[in-house]
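Peer 1: See run36.cif below, with mmCIF, N, CA and C atoms.
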```
data_structure
#
loop_
_atom_site.label_atom_id
_atom_site.label_comp_id
_atom_site.auth_asym_id
_atom_site.auth_seq_id
_atom_site.Cartn_x
_atom_site.Cartn_y
_atom_site.Cartn_z
N MET A 1 -27.93 -6.52 14.47
CA MET A 1 -26.77 -6.59 13.60
C MET A 1 -26.27 -8.04 13.60
N SER A 2 -25.97 -8.55 12.42
CA SER A 2 -25.53 -9.93 12.29
C SER A 2 -24.13 -10.11 12.88
N ALA A 3 -23.83 -11.35 13.19
CA ALA A 3 -22.50 -11.67 13.74
C ALA A 3 -21.41 -11.34 12.72
N ASP A 4 -21.67 -11.59 11.45
CA ASP A 4 -20.67 -11.28 10.41
C ASP A 4 -20.39 -9.78 10.36
N ARG A 5 -21.44 -8.97 10.46
CA ARG A 5 -21.26 -7.52 10.40
C ARG A 5 -20.50 -7.02 11.64
N ARG A 6 -20.81 -7.58 12.82
CA ARG A 6 -20.10 -7.19 14.04
C ARG A 6 -18.62 -7.56 13.93
N LEU A 7 -18.34 -8.74 13.40
CA LEU A 7 -16.95 -9.18 13.23
C LEU A 7 -16.23 -8.25 12.25
N HIS A 8 -16.89 -7.89 11.17
CA HIS A 8 -16.30 -6.96 10.20
C HIS A 8 -16.00 -5.62 10.86
N ASN A 9 -16.94 -5.08 11.62
CA ASN A 9 -16.73 -3.79 12.30
C ASN A 9 -15.56 -3.86 13.28
N LEU A 10 -15.43 -4.98 13.98
CA LEU A 10 -14.30 -5.15 14.90
C LEU A 10 -12.98 -5.22 14.15
N SER A 11 -12.96 -5.91 13.02
CA SER A 11 -11.71 -6.05 12.26
C SER A 11 -11.23 -4.70 11.75
N CYS A 12 -12.14 -3.77 11.52
CA CYS A 12 -11.76 -2.44 11.04
C CYS A 12 -11.13 -1.61 12.16
N GLN A 13 -11.30 -2.03 13.39
CA GLN A 13 -10.78 -1.27 14.52
C GLN A 13 -9.47 -1.83 15.06
N ILE A 14 -9.01 -2.94 14.52
CA ILE A 14 -7.77 -3.57 14.99
C ILE A 14 -6.59 -2.67 14.68
N VAL A 15 -5.73 -2.48 15.65
CA VAL A 15 -4.55 -1.64 15.48
C VAL A 15 -3.49 -2.43 14.73
N ALA A 16 -2.79 -1.75 13.87
CA ALA A 16 -1.78 -2.39 13.03
C ALA A 16 -0.64 -2.97 13.85
N VAL A 17 -0.20 -4.16 13.47
CA VAL A 17 0.98 -4.76 14.07
C VAL A 17 2.22 -4.04 13.58
N ASN A 18 2.24 -3.70 12.30
CA ASN A 18 3.37 -3.01 11.67
C ASN A 18 2.91 -1.68 11.07
N PRO A 19 2.52 -0.72 11.91
CA PRO A 19 2.14 0.55 11.30
C PRO A 19 3.35 1.15 10.59
N CYS A 20 3.09 1.84 9.50
CA CYS A 20 4.20 2.35 8.69
C CYS A 20 5.12 3.28 9.45
N GLY A 21 4.59 4.06 10.36
CA GLY A 21 5.44 4.96 11.12
C GLY A 21 6.49 4.22 11.92
N ALA A 22 6.14 3.02 12.39
CA ALA A 22 7.08 2.23 13.18
C ALA A 22 8.19 1.66 12.32
N MET A 23 7.93 1.52 11.00
CA MET A 23 8.92 0.94 10.11
C MET A 23 9.81 1.99 9.47
N ALA A 24 9.46 3.26 9.64
CA ALA A 24 10.19 4.31 8.94
C ALA A 24 11.66 4.28 9.31
N GLN A 25 12.47 4.35 8.29
CA GLN A 25 13.92 4.37 8.46
C GLN A 25 14.42 5.74 8.01
N PRO A 26 15.42 6.29 8.68
CA PRO A 26 15.97 7.54 8.19
C PRO A 26 16.49 7.35 6.77
N GLY A 27 16.09 8.24 5.88
CA GLY A 27 16.56 8.15 4.51
C GLY A 27 15.98 6.98 3.75
N SER A 28 14.82 6.50 4.13
CA SER A 28 14.20 5.37 3.45
C SER A 28 14.03 5.68 1.97
N PRO A 29 14.42 4.78 1.09
CA PRO A 29 14.37 5.05 -0.35
C PRO A 29 12.99 4.92 -0.98
N LEU A 30 12.03 4.32 -0.27
CA LEU A 30 10.70 4.09 -0.83
C LEU A 30 9.63 4.57 0.13
N THR A 31 8.77 5.44 -0.34
CA THR A 31 7.62 5.89 0.44
C THR A 31 6.38 5.82 -0.44
N THR A 32 5.23 5.82 0.20
CA THR A 32 3.96 5.86 -0.52
C THR A 32 2.96 6.69 0.26
N HIS A 33 1.90 7.08 -0.40
CA HIS A 33 0.89 7.95 0.18
C HIS A 33 -0.42 7.61 -0.52
N VAL A 34 -1.46 7.30 0.25
CA VAL A 34 -2.77 6.98 -0.33
C VAL A 34 -3.70 8.16 -0.09
N LEU A 35 -4.33 8.63 -1.16
CA LEU A 35 -5.30 9.72 -1.06
C LEU A 35 -6.65 9.22 -1.55
N ASN A 36 -7.66 9.34 -0.70
CA ASN A 36 -9.03 8.98 -1.05
C ASN A 36 -9.61 10.20 -1.76
N THR A 37 -9.55 10.20 -3.08
CA THR A 37 -9.98 11.36 -3.85
C THR A 37 -11.50 11.49 -3.89
N ALA A 38 -12.22 10.43 -3.61
CA ALA A 38 -13.68 10.49 -3.60
C ALA A 38 -14.18 11.31 -2.41
N MET A 39 -13.49 11.22 -1.29
CA MET A 39 -13.91 11.92 -0.08
C MET A 39 -13.00 13.09 0.27
N GLY A 40 -11.88 13.20 -0.45
CA GLY A 40 -10.95 14.30 -0.18
C GLY A 40 -10.20 14.15 1.13
N VAL A 41 -9.86 12.90 1.48
CA VAL A 41 -9.17 12.64 2.74
C VAL A 41 -8.02 11.66 2.50
N PRO A 42 -7.07 11.61 3.45
CA PRO A 42 -6.02 10.59 3.34
C PRO A 42 -6.60 9.19 3.44
N GLY A 43 -5.97 8.24 2.79
CA GLY A 43 -6.37 6.84 2.86
C GLY A 43 -5.71 6.16 4.05
N SER A 44 -6.22 6.43 5.23
CA SER A 44 -5.60 5.89 6.45
C SER A 44 -6.06 4.46 6.72
N ASN A 45 -5.21 3.74 7.43
CA ASN A 45 -5.49 2.37 7.87
C ASN A 45 -5.65 1.38 6.72
N MET A 46 -4.86 1.58 5.65
CA MET A 46 -4.89 0.66 4.52
C MET A 46 -3.66 -0.26 4.59
N THR A 47 -3.90 -1.54 4.46
CA THR A 47 -2.81 -2.51 4.47
C THR A 47 -2.05 -2.46 3.15
N ILE A 48 -0.71 -2.44 3.26
CA ILE A 48 0.16 -2.42 2.09
C ILE A 48 1.18 -3.54 2.24
N LEU A 49 1.42 -4.27 1.16
CA LEU A 49 2.45 -5.30 1.13
C LEU A 49 3.47 -4.93 0.06
N LEU A 50 4.74 -5.07 0.37
CA LEU A 50 5.81 -4.82 -0.59
C LEU A 50 6.48 -6.13 -0.95
N TYR A 51 6.54 -6.40 -2.26
CA TYR A 51 7.16 -7.61 -2.78
C TYR A 51 8.31 -7.26 -3.71
N LYS A 52 9.23 -8.20 -3.86
CA LYS A 52 10.27 -8.09 -4.88
C LYS A 52 10.20 -9.35 -5.73
N GLN A 53 10.33 -9.16 -7.03
CA GLN A 53 10.25 -10.30 -7.95
C GLN A 53 11.56 -11.08 -7.94
N ASP A 54 11.41 -12.39 -7.85
CA ASP A 54 12.54 -13.30 -8.01
C ASP A 54 12.52 -13.74 -9.46
N SER A 55 13.36 -13.12 -10.27
CA SER A 55 13.31 -13.38 -11.72
C SER A 55 13.68 -14.82 -12.07
N SER A 56 14.49 -15.46 -11.26
CA SER A 56 14.89 -16.83 -11.56
C SER A 56 13.75 -17.82 -11.34
N ALA A 57 12.84 -17.49 -10.43
CA ALA A 57 11.74 -18.41 -10.13
C ALA A 57 10.39 -17.86 -10.62
N ALA A 58 10.39 -16.68 -11.23
CA ALA A 58 9.15 -16.03 -11.68
C ALA A 58 8.14 -15.97 -10.53
N ALA A 59 8.62 -15.60 -9.35
CA ALA A 59 7.77 -15.53 -8.17
C ALA A 59 7.98 -14.19 -7.47
N TRP A 60 7.05 -13.86 -6.59
CA TRP A 60 7.15 -12.64 -5.79
C TRP A 60 7.48 -13.02 -4.36
N ASN A 61 8.50 -12.36 -3.81
CA ASN A 61 8.88 -12.58 -2.41
C ASN A 61 8.43 -11.39 -1.57
N LEU A 62 7.67 -11.68 -0.51
CA LEU A 62 7.19 -10.63 0.38
C LEU A 62 8.37 -10.05 1.16
N ILE A 63 8.52 -8.73 1.10
CA ILE A 63 9.59 -8.05 1.84
C ILE A 63 9.07 -7.55 3.17
N THR A 64 7.92 -6.87 3.15
CA THR A 64 7.37 -6.32 4.39
C THR A 64 5.91 -5.96 4.19
N THR A 65 5.23 -5.71 5.29
CA THR A 65 3.85 -5.23 5.27
C THR A 65 3.76 -3.98 6.15
N GLY A 66 2.74 -3.21 5.92
CA GLY A 66 2.50 -2.02 6.73
C GLY A 66 1.07 -1.57 6.59
N ILE A 67 0.71 -0.59 7.39
CA ILE A 67 -0.62 0.01 7.33
C ILE A 67 -0.44 1.52 7.34
N THR A 68 -1.12 2.19 6.42
CA THR A 68 -0.96 3.63 6.33
C THR A 68 -1.38 4.32 7.63
N ASN A 69 -0.67 5.42 7.92
CA ASN A 69 -0.96 6.19 9.12
C ASN A 69 -2.15 7.12 8.89
N SER A 70 -2.46 7.98 9.84
CA SER A 70 -3.63 8.85 9.75
C SER A 70 -3.53 9.86 8.61
N ASP A 71 -2.31 10.08 8.12
CA ASP A 71 -2.11 10.98 6.99
C ASP A 71 -2.08 10.22 5.66
N GLY A 72 -2.37 8.91 5.70
CA GLY A 72 -2.37 8.10 4.49
C GLY A 72 -0.99 7.72 4.00
N ARG A 73 0.02 7.95 4.83
CA ARG A 73 1.40 7.71 4.40
C ARG A 73 1.96 6.43 4.99
N CYS A 74 2.89 5.88 4.27
CA CYS A 74 3.64 4.73 4.73
C CYS A 74 5.10 5.05 4.40
N PRO A 75 5.76 5.82 5.27
CA PRO A 75 7.02 6.44 4.90
C PRO A 75 8.24 5.54 4.75
N GLY A 76 8.26 4.38 5.33
CA GLY A 76 9.48 3.58 5.24
C GLY A 76 9.21 2.10 5.12
N LEU A 77 9.02 1.64 3.92
CA LEU A 77 8.72 0.22 3.73
C LEU A 77 9.96 -0.65 3.64
N THR A 78 11.12 -0.04 3.45
CA THR A 78 12.34 -0.83 3.33
C THR A 78 13.53 0.02 3.74
N THR A 79 14.66 -0.60 3.80
CA THR A 79 15.90 0.11 4.12
C THR A 79 16.76 0.22 2.87
N ARG A 80 17.72 1.12 2.89
CA ARG A 80 18.64 1.26 1.74
C ARG A 80 19.39 -0.05 1.48
N GLU A 81 19.74 -0.77 2.54
CA GLU A 81 20.49 -2.02 2.39
C GLU A 81 19.67 -3.10 1.67
N LEU A 82 18.38 -3.14 1.93
CA LEU A 82 17.52 -4.16 1.31
C LEU A 82 16.98 -3.75 -0.05
N PHE A 83 17.09 -2.48 -0.38
CA PHE A 83 16.52 -1.95 -1.62
C PHE A 83 17.54 -2.05 -2.74
N THR A 84 17.52 -3.15 -3.45
CA THR A 84 18.48 -3.43 -4.51
C THR A 84 17.78 -3.37 -5.87
N PRO A 85 18.53 -3.26 -6.95
CA PRO A 85 17.88 -3.22 -8.27
C PRO A 85 16.98 -4.43 -8.49
N GLY A 86 15.88 -4.19 -9.17
CA GLY A 86 14.94 -5.27 -9.47
C GLY A 86 13.55 -4.76 -9.71
N VAL A 87 12.61 -5.68 -9.82
CA VAL A 87 11.20 -5.37 -10.04
C VAL A 87 10.46 -5.55 -8.71
N TYR A 88 9.70 -4.53 -8.33
CA TYR A 88 8.97 -4.52 -7.06
C TYR A 88 7.48 -4.37 -7.32
N LYS A 89 6.70 -4.73 -6.29
CA LYS A 89 5.25 -4.59 -6.37
C LYS A 89 4.73 -4.10 -5.03
N LEU A 90 3.92 -3.03 -5.07
CA LEU A 90 3.17 -2.58 -3.90
C LEU A 90 1.74 -3.09 -4.07
N HIS A 91 1.24 -3.79 -3.06
CA HIS A 91 -0.12 -4.34 -3.07
C HIS A 91 -0.93 -3.57 -2.02
N PHE A 92 -2.00 -2.91 -2.45
CA PHE A 92 -2.86 -2.14 -1.56
C PHE A 92 -4.18 -2.89 -1.38
N ASP A 93 -4.58 -3.14 -0.14
CA ASP A 93 -5.82 -3.87 0.16
C ASP A 93 -6.99 -2.89 0.15
N THR A 94 -7.47 -2.55 -1.03
CA THR A 94 -8.53 -1.55 -1.17
C THR A 94 -9.90 -2.10 -0.76
N ASP A 95 -10.12 -3.39 -0.92
CA ASP A 95 -11.41 -3.97 -0.54
C ASP A 95 -11.68 -3.79 0.95
N ARG A 96 -10.70 -4.11 1.77
CA ARG A 96 -10.87 -3.96 3.22
C ARG A 96 -10.99 -2.49 3.60
N TYR A 97 -10.20 -1.64 2.95
CA TYR A 97 -10.25 -0.20 3.23
C TYR A 97 -11.66 0.34 3.00
N TRP A 98 -12.21 0.10 1.81
CA TRP A 98 -13.56 0.61 1.51
C TRP A 98 -14.61 -0.07 2.39
N GLY A 99 -14.43 -1.37 2.66
CA GLY A 99 -15.38 -2.07 3.53
C GLY A 99 -15.44 -1.46 4.91
N CYS A 100 -14.31 -1.03 5.44
CA CYS A 100 -14.28 -0.40 6.76
C CYS A 100 -14.96 0.96 6.75
N LEU A 101 -15.11 1.54 5.57
CA LEU A 101 -15.82 2.82 5.44
C LEU A 101 -17.30 2.59 5.12
N GLY A 102 -17.72 1.32 5.08
CA GLY A 102 -19.10 1.00 4.76
C GLY A 102 -19.42 1.09 3.28
N GLU A 103 -18.39 1.02 2.45
CA GLU A 103 -18.55 1.15 1.00
C GLU A 103 -18.08 -0.13 0.31
N GLU A 104 -18.50 -0.30 -0.93
CA GLU A 104 -18.01 -1.38 -1.76
C GLU A 104 -17.07 -0.79 -2.80
N SER A 105 -16.11 -1.58 -3.23
CA SER A 105 -15.15 -1.12 -4.22
C SER A 105 -15.17 -2.04 -5.43
N PHE A 106 -15.00 -1.45 -6.59
CA PHE A 106 -14.91 -2.23 -7.81
C PHE A 106 -13.60 -3.01 -7.86
N TYR A 107 -12.55 -2.44 -7.27
CA TYR A 107 -11.23 -3.06 -7.25
C TYR A 107 -10.95 -3.64 -5.87
N PRO A 108 -10.83 -4.96 -5.74
CA PRO A 108 -10.55 -5.55 -4.43
C PRO A 108 -9.13 -5.24 -3.94
N TYR A 109 -8.23 -4.97 -4.87
CA TYR A 109 -6.88 -4.57 -4.51
C TYR A 109 -6.29 -3.80 -5.68
N VAL A 110 -5.23 -3.06 -5.39
CA VAL A 110 -4.48 -2.37 -6.43
C VAL A 110 -3.03 -2.81 -6.29
N GLU A 111 -2.43 -3.19 -7.41
CA GLU A 111 -1.01 -3.54 -7.41
C GLU A 111 -0.27 -2.62 -8.37
N ILE A 112 0.79 -2.05 -7.86
CA ILE A 112 1.64 -1.17 -8.66
C ILE A 112 2.99 -1.87 -8.79
N VAL A 113 3.36 -2.19 -10.01
CA VAL A 113 4.62 -2.88 -10.28
C VAL A 113 5.57 -1.86 -10.90
N PHE A 114 6.80 -1.83 -10.41
CA PHE A 114 7.76 -0.84 -10.88
C PHE A 114 9.17 -1.43 -10.85
N THR A 115 10.03 -0.85 -11.66
CA THR A 115 11.41 -1.31 -11.78
C THR A 115 12.35 -0.32 -11.12
N ILE A 116 13.27 -0.83 -10.32
CA ILE A 116 14.31 -0.01 -9.69
C ILE A 116 15.63 -0.37 -10.34
N ARG A 117 16.22 0.62 -10.96
CA ARG A 117 17.54 0.42 -11.58
C ARG A 117 18.64 1.07 -10.75
N ASN A 118 18.32 2.19 -10.12
CA ASN A 118 19.30 2.92 -9.32
C ASN A 118 18.75 3.10 -7.91
N PRO A 119 19.03 2.17 -7.01
CA PRO A 119 18.42 2.21 -5.68
C PRO A 119 18.92 3.34 -4.77
N VAL A 120 19.90 4.11 -5.20
CA VAL A 120 20.32 5.24 -4.37
C VAL A 120 19.38 6.43 -4.52
N ASP A 121 18.53 6.42 -5.56
CA ASP A 121 17.52 7.46 -5.72
C ASP A 121 16.42 7.26 -4.69
N LYS A 122 15.60 8.29 -4.52
CA LYS A 122 14.42 8.21 -3.65
C LYS A 122 13.20 7.97 -4.53
N PHE A 123 12.32 7.11 -4.08
CA PHE A 123 11.12 6.76 -4.84
C PHE A 123 9.89 6.98 -3.98
N HIS A 124 8.98 7.82 -4.44
CA HIS A 124 7.71 8.07 -3.77
C HIS A 124 6.61 7.68 -4.75
N ILE A 125 5.77 6.73 -4.34
CA ILE A 125 4.75 6.20 -5.23
C ILE A 125 3.38 6.39 -4.59
N PRO A 126 2.70 7.50 -4.92
CA PRO A 126 1.37 7.75 -4.37
C PRO A 126 0.29 6.93 -5.08
N LEU A 127 -0.81 6.71 -4.37
CA LEU A 127 -1.99 6.07 -4.95
C LEU A 127 -3.16 7.01 -4.72
N LEU A 128 -3.76 7.50 -5.79
CA LEU A 128 -4.97 8.33 -5.73
C LEU A 128 -6.14 7.41 -6.04
N LEU A 129 -7.11 7.37 -5.14
CA LEU A 129 -8.07 6.27 -5.14
C LEU A 129 -9.50 6.76 -4.94
N SER A 130 -10.41 6.17 -5.71
CA SER A 130 -11.84 6.25 -5.42
C SER A 130 -12.38 4.82 -5.54
N ARG A 131 -13.66 4.64 -5.33
CA ARG A 131 -14.20 3.28 -5.38
C ARG A 131 -14.15 2.68 -6.79
N PHE A 132 -14.14 3.54 -7.82
CA PHE A 132 -14.22 3.04 -9.19
C PHE A 132 -13.04 3.45 -10.06
N SER A 133 -12.01 4.04 -9.46
CA SER A 133 -10.84 4.40 -10.25
C SER A 133 -9.64 4.58 -9.35
N TYR A 134 -8.47 4.54 -9.97
CA TYR A 134 -7.23 4.85 -9.25
C TYR A 134 -6.20 5.30 -10.25
N SER A 135 -5.21 6.04 -9.74
CA SER A 135 -4.08 6.43 -10.57
C SER A 135 -2.85 6.52 -9.67
N THR A 136 -1.71 6.51 -10.31
CA THR A 136 -0.46 6.57 -9.58
C THR A 136 0.59 7.25 -10.46
N TYR A 137 1.67 7.63 -9.85
CA TYR A 137 2.77 8.26 -10.57
C TYR A 137 4.01 8.16 -9.70
N ARG A 138 5.15 8.44 -10.28
CA ARG A 138 6.37 8.51 -9.48
C ARG A 138 6.51 9.93 -8.98
N GLY A 139 6.41 10.11 -7.68
CA GLY A 139 6.56 11.43 -7.07
C GLY A 139 7.98 11.66 -6.65
N SER A 140 8.15 12.74 -5.90
CA SER A 140 9.51 13.06 -5.42
C SER A 140 9.54 13.13 -3.91
#
```
What do you get writing this file as structure tokens?

Peer 2:
Amino acid sequence: MSADRRLHNLSCQIVAVNPCGAMAQPGSPLTTHVLNTAMGVPGSNMTILLYKQDSSAAAWNLITTGITNSDGRCPGLTTRELFTPGVYKLHFDTDRYWGCLGEESFYPYVEIVFTIRNPVDKFHIPLLLSRFSYSTYRGS
């Protein structure tokens, strides 16, 4: 086995610094769930980044990062205090996820951009994923 392949295999085994379960806040307004529809399993151990758009600078500011748990969930990416009206983006590292499963993906990442007008509501944004397709919706 090549050194590159050994390094890749090791990187897939690294434990998350910020696993989503550790970030969960009671009453968190934003949750997500990744489902690997190709294999019929949760999308566990996927890195997720949450950004908020700075409309004055036309830039994205990183709010937090997390890694999905064994159930494919990332239950608390932010707190009610930090979740203000605006445009947000969830970035899913699908390339690394599929690579750790020994597969290649057509999409190196998936980004879901959404607008929050009323931050007191609850927002659940699932990602249904295969190597060659994905879909999402606003859940409850």

Peer 1: Where does DSSP see helix (DSSP H, G or I) in stretch 8-121 of chain A, if you list the residues as JSON, numbers by chain?

Peer 2: {"A": [8, 9, 10, 11, 20, 21, 22, 23, 94, 95, 96, 97, 98, 99, 100]}

Peer 1: Do you know which residues the PyMOL selection byres ((chain A and resi 45) around 8) returns on this file, as a PDB file with N, CA and C atoms, in the coordinates of the input?

Peer 2:
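Wrote part.pdb, looks like this:
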```pdb
ATOM      1  N   ALA A  16      -2.790  -1.750  13.870  1.00  0.00           N
ATOM      2  CA  ALA A  16      -1.780  -2.390  13.030  1.00  0.00           C
ATOM      3  C   ALA A  16      -0.640  -2.970  13.850  1.00  0.00           C
ATOM      4  N   PRO A  42      -7.070  11.610   3.450  1.00  0.00           N
ATOM      5  CA  PRO A  42      -6.020  10.590   3.340  1.00  0.00           C
ATOM      6  C   PRO A  42      -6.600   9.190   3.440  1.00  0.00           C
ATOM      7  N   GLY A  43      -5.970   8.240   2.790  1.00  0.00           N
ATOM      8  CA  GLY A  43      -6.370   6.840   2.860  1.00  0.00           C
ATOM      9  C   GLY A  43      -5.710   6.160   4.050  1.00  0.00           C
ATOM     10  N   SER A  44      -6.220   6.430   5.230  1.00  0.00           N
ATOM     11  CA  SER A  44      -5.600   5.890   6.450  1.00  0.00           C
ATOM     12  C   SER A  44      -6.060   4.460   6.720  1.00  0.00           C
ATOM     13  N   MET A  46      -4.860   1.580   5.650  1.00  0.00           N
ATOM     14  CA  MET A  46      -4.890   0.660   4.520  1.00  0.00           C
ATOM     15  C   MET A  46      -3.660  -0.260   4.590  1.00  0.00           C
ATOM     16  N   THR A  47      -3.900  -1.540   4.460  1.00  0.00           N
ATOM     17  CA  THR A  47      -2.810  -2.510   4.470  1.00  0.00           C
ATOM     18  C   THR A  47      -2.050  -2.460   3.150  1.00  0.00           C
ATOM     19  N   ILE A  48      -0.710  -2.440   3.260  1.00  0.00           N
ATOM     20  CA  ILE A  48       0.160  -2.420   2.090  1.00  0.00           C
ATOM     21  C   ILE A  48       1.180  -3.540   2.240  1.00  0.00           C
ATOM     22  N   GLY A  66       2.740  -3.210   5.920  1.00  0.00           N
ATOM     23  CA  GLY A  66       2.500  -2.020   6.730  1.00  0.00           C
ATOM     24  C   GLY A  66       1.070  -1.570   6.590  1.00  0.00           C
ATOM     25  N   ILE A  67       0.710  -0.590   7.390  1.00  0.00           N
ATOM     26  CA  ILE A  67      -0.620   0.010   7.330  1.00  0.00           C
ATOM     27  C   ILE A  67      -0.440   1.520   7.340  1.00  0.00           C
ATOM     28  N   THR A  68      -1.120   2.190   6.420  1.00  0.00           N
ATOM     29  CA  THR A  68      -0.960   3.630   6.330  1.00  0.00           C
ATOM     30  C   THR A  68      -1.380   4.320   7.630  1.00  0.00           C
ATOM     31  N   ASN A  69      -0.670   5.420   7.920  1.00  0.00           N
ATOM     32  CA  ASN A  69      -0.960   6.190   9.120  1.00  0.00           C
ATOM     33  C   ASN A  69      -2.150   7.120   8.890  1.00  0.00           C
ATOM     34  N   SER A  70      -2.460   7.980   9.840  1.00  0.00           N
ATOM     35  CA  SER A  70      -3.630   8.850   9.750  1.00  0.00           C
ATOM     36  C   SER A  70      -3.530   9.860   8.610  1.00  0.00           C
ATOM     37  N   ASP A  71      -2.310  10.080   8.120  1.00  0.00           N
ATOM     38  CA  ASP A  71      -2.110  10.980   6.990  1.00  0.00           C
ATOM     39  C   ASP A  71      -2.080  10.220   5.660  1.00  0.00           C
ATOM     40  N   GLY A  72      -2.370   8.910   5.700  1.00  0.00           N
ATOM     41  CA  GLY A  72      -2.370   8.100   4.490  1.00  0.00           C
ATOM     42  C   GLY A  72      -0.990   7.720   4.000  1.00  0.00           C
ATOM     43  N   ARG A  73       0.020   7.950   4.830  1.00  0.00           N
ATOM     44  CA  ARG A  73       1.400   7.710   4.400  1.00  0.00           C
ATOM     45  C   ARG A  73       1.960   6.430   4.990  1.00  0.00           C
ATOM     46  N   ASP A  93      -4.580  -3.140  -0.140  1.00  0.00           N
ATOM     47  CA  ASP A  93      -5.820  -3.870   0.160  1.00  0.00           C
ATOM     48  C   ASP A  93      -6.990  -2.890   0.150  1.00  0.00           C
ATOM     49  N   ARG A  96     -10.700  -4.110   1.770  1.00  0.00           N
ATOM     50  CA  ARG A  96     -10.870  -3.960   3.220  1.00  0.00           C
ATOM     51  C   ARG A  96     -10.990  -2.490   3.600  1.00  0.00           C
ATOM     52  N   TYR A  97     -10.200  -1.640   2.950  1.00  0.00           N
ATOM     53  CA  TYR A  97     -10.250  -0.200   3.230  1.00  0.00           C
ATOM     54  C   TYR A  97     -11.660   0.340   3.000  1.00  0.00           C
TER      55      TYR A  97
END
```

Peer 1: Within 8 Å of (-12.0, -3.2, -7.7) (coordinates as in the file), grab all the protein and nucleic acid residues, counting all atoms listed in the file, and write them out as an NGL selection string.

Peer 2: :A and (94-95 or 104-110 or 131-133)

Peer 1: Any chance you could export the current selection's N, CA and C atoms as a compact mmCIF listing (two decimals), in the coordinates of the input?

Peer 2:
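part_14.txt, freshly written:
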```
# COMPACT_ATOMS: atom_id res chain seq x y z
N THR A 94 -7.47 -2.55 -1.03
CA THR A 94 -8.53 -1.55 -1.17
C THR A 94 -9.90 -2.10 -0.76
N ASP A 95 -10.12 -3.39 -0.92
CA ASP A 95 -11.41 -3.97 -0.54
C ASP A 95 -11.68 -3.79 0.95
N GLU A 104 -18.50 -0.30 -0.93
CA GLU A 104 -18.01 -1.38 -1.76
C GLU A 104 -17.07 -0.79 -2.80
N SER A 105 -16.11 -1.58 -3.23
CA SER A 105 -15.15 -1.12 -4.22
C SER A 105 -15.17 -2.04 -5.43
N PHE A 106 -15.00 -1.45 -6.59
CA PHE A 106 -14.91 -2.23 -7.81
C PHE A 106 -13.60 -3.01 -7.86
N TYR A 107 -12.55 -2.44 -7.27
CA TYR A 107 -11.23 -3.06 -7.25
C TYR A 107 -10.95 -3.64 -5.87
N PRO A 108 -10.83 -4.96 -5.74
CA PRO A 108 -10.55 -5.55 -4.43
C PRO A 108 -9.13 -5.24 -3.94
N TYR A 109 -8.23 -4.97 -4.87
CA TYR A 109 -6.88 -4.57 -4.51
C TYR A 109 -6.29 -3.80 -5.68
N VAL A 110 -5.23 -3.06 -5.39
CA VAL A 110 -4.48 -2.37 -6.43
C VAL A 110 -3.03 -2.81 -6.29
N ARG A 131 -13.66 4.64 -5.33
CA ARG A 131 -14.20 3.28 -5.38
C ARG A 131 -14.15 2.68 -6.79
N PHE A 132 -14.14 3.54 -7.82
CA PHE A 132 -14.22 3.04 -9.19
C PHE A 132 -13.04 3.45 -10.06
N SER A 133 -12.01 4.04 -9.46
CA SER A 133 -10.84 4.40 -10.25
C SER A 133 -9.64 4.58 -9.35
```

Peer 1: Please write the residues picked by the PyMOL selection byres ((chain A and resi 123) around 6) on this file as a CSV table (one decimal) with N, CA and C atoms, in the coordinates of the input.

Peer 2:
```
chain,number,residue,atom,x,y,z
A,29,PRO,N,14.4,4.8,1.1
A,29,PRO,CA,14.4,5.0,-0.4
A,29,PRO,C,13.0,4.9,-1.0
A,30,LEU,N,12.0,4.3,-0.3
A,30,LEU,CA,10.7,4.1,-0.8
A,30,LEU,C,9.6,4.6,0.1
A,31,THR,N,8.8,5.4,-0.3
A,31,THR,CA,7.6,5.9,0.4
A,31,THR,C,6.4,5.8,-0.4
A,121,ASP,N,18.5,6.4,-5.6
A,121,ASP,CA,17.5,7.5,-5.7
A,121,ASP,C,16.4,7.3,-4.7
A,122,LYS,N,15.6,8.3,-4.5
A,122,LYS,CA,14.4,8.2,-3.6
A,122,LYS,C,13.2,8.0,-4.5
A,124,HIS,N,9.0,7.8,-4.4
A,124,HIS,CA,7.7,8.1,-3.8
A,124,HIS,C,6.6,7.7,-4.8
A,125,ILE,N,5.8,6.7,-4.3
A,125,ILE,CA,4.8,6.2,-5.2
A,125,ILE,C,3.4,6.4,-4.6
A,139,GLY,N,6.4,10.1,-7.7
A,139,GLY,CA,6.6,11.4,-7.1
A,139,GLY,C,8.0,11.7,-6.6
```

Peer 1: Name the closest residue to A:Asp54 among the candidates A:Cys74, A:Val41, A:Val87, A:Ile116; distances are taken between atoms, counting all atoms listed in the file.

Peer 2: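 Nearest to A:Asp54: A:Val87.
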
Peer 1: Any chance you could work out the residue set of the PyMOL selection byres (((chain A and resi 90 and name CA) around 6) and name CA) here, as number ranges by chain?

Peer 2: A: 49-50, 89, 91, 111-112
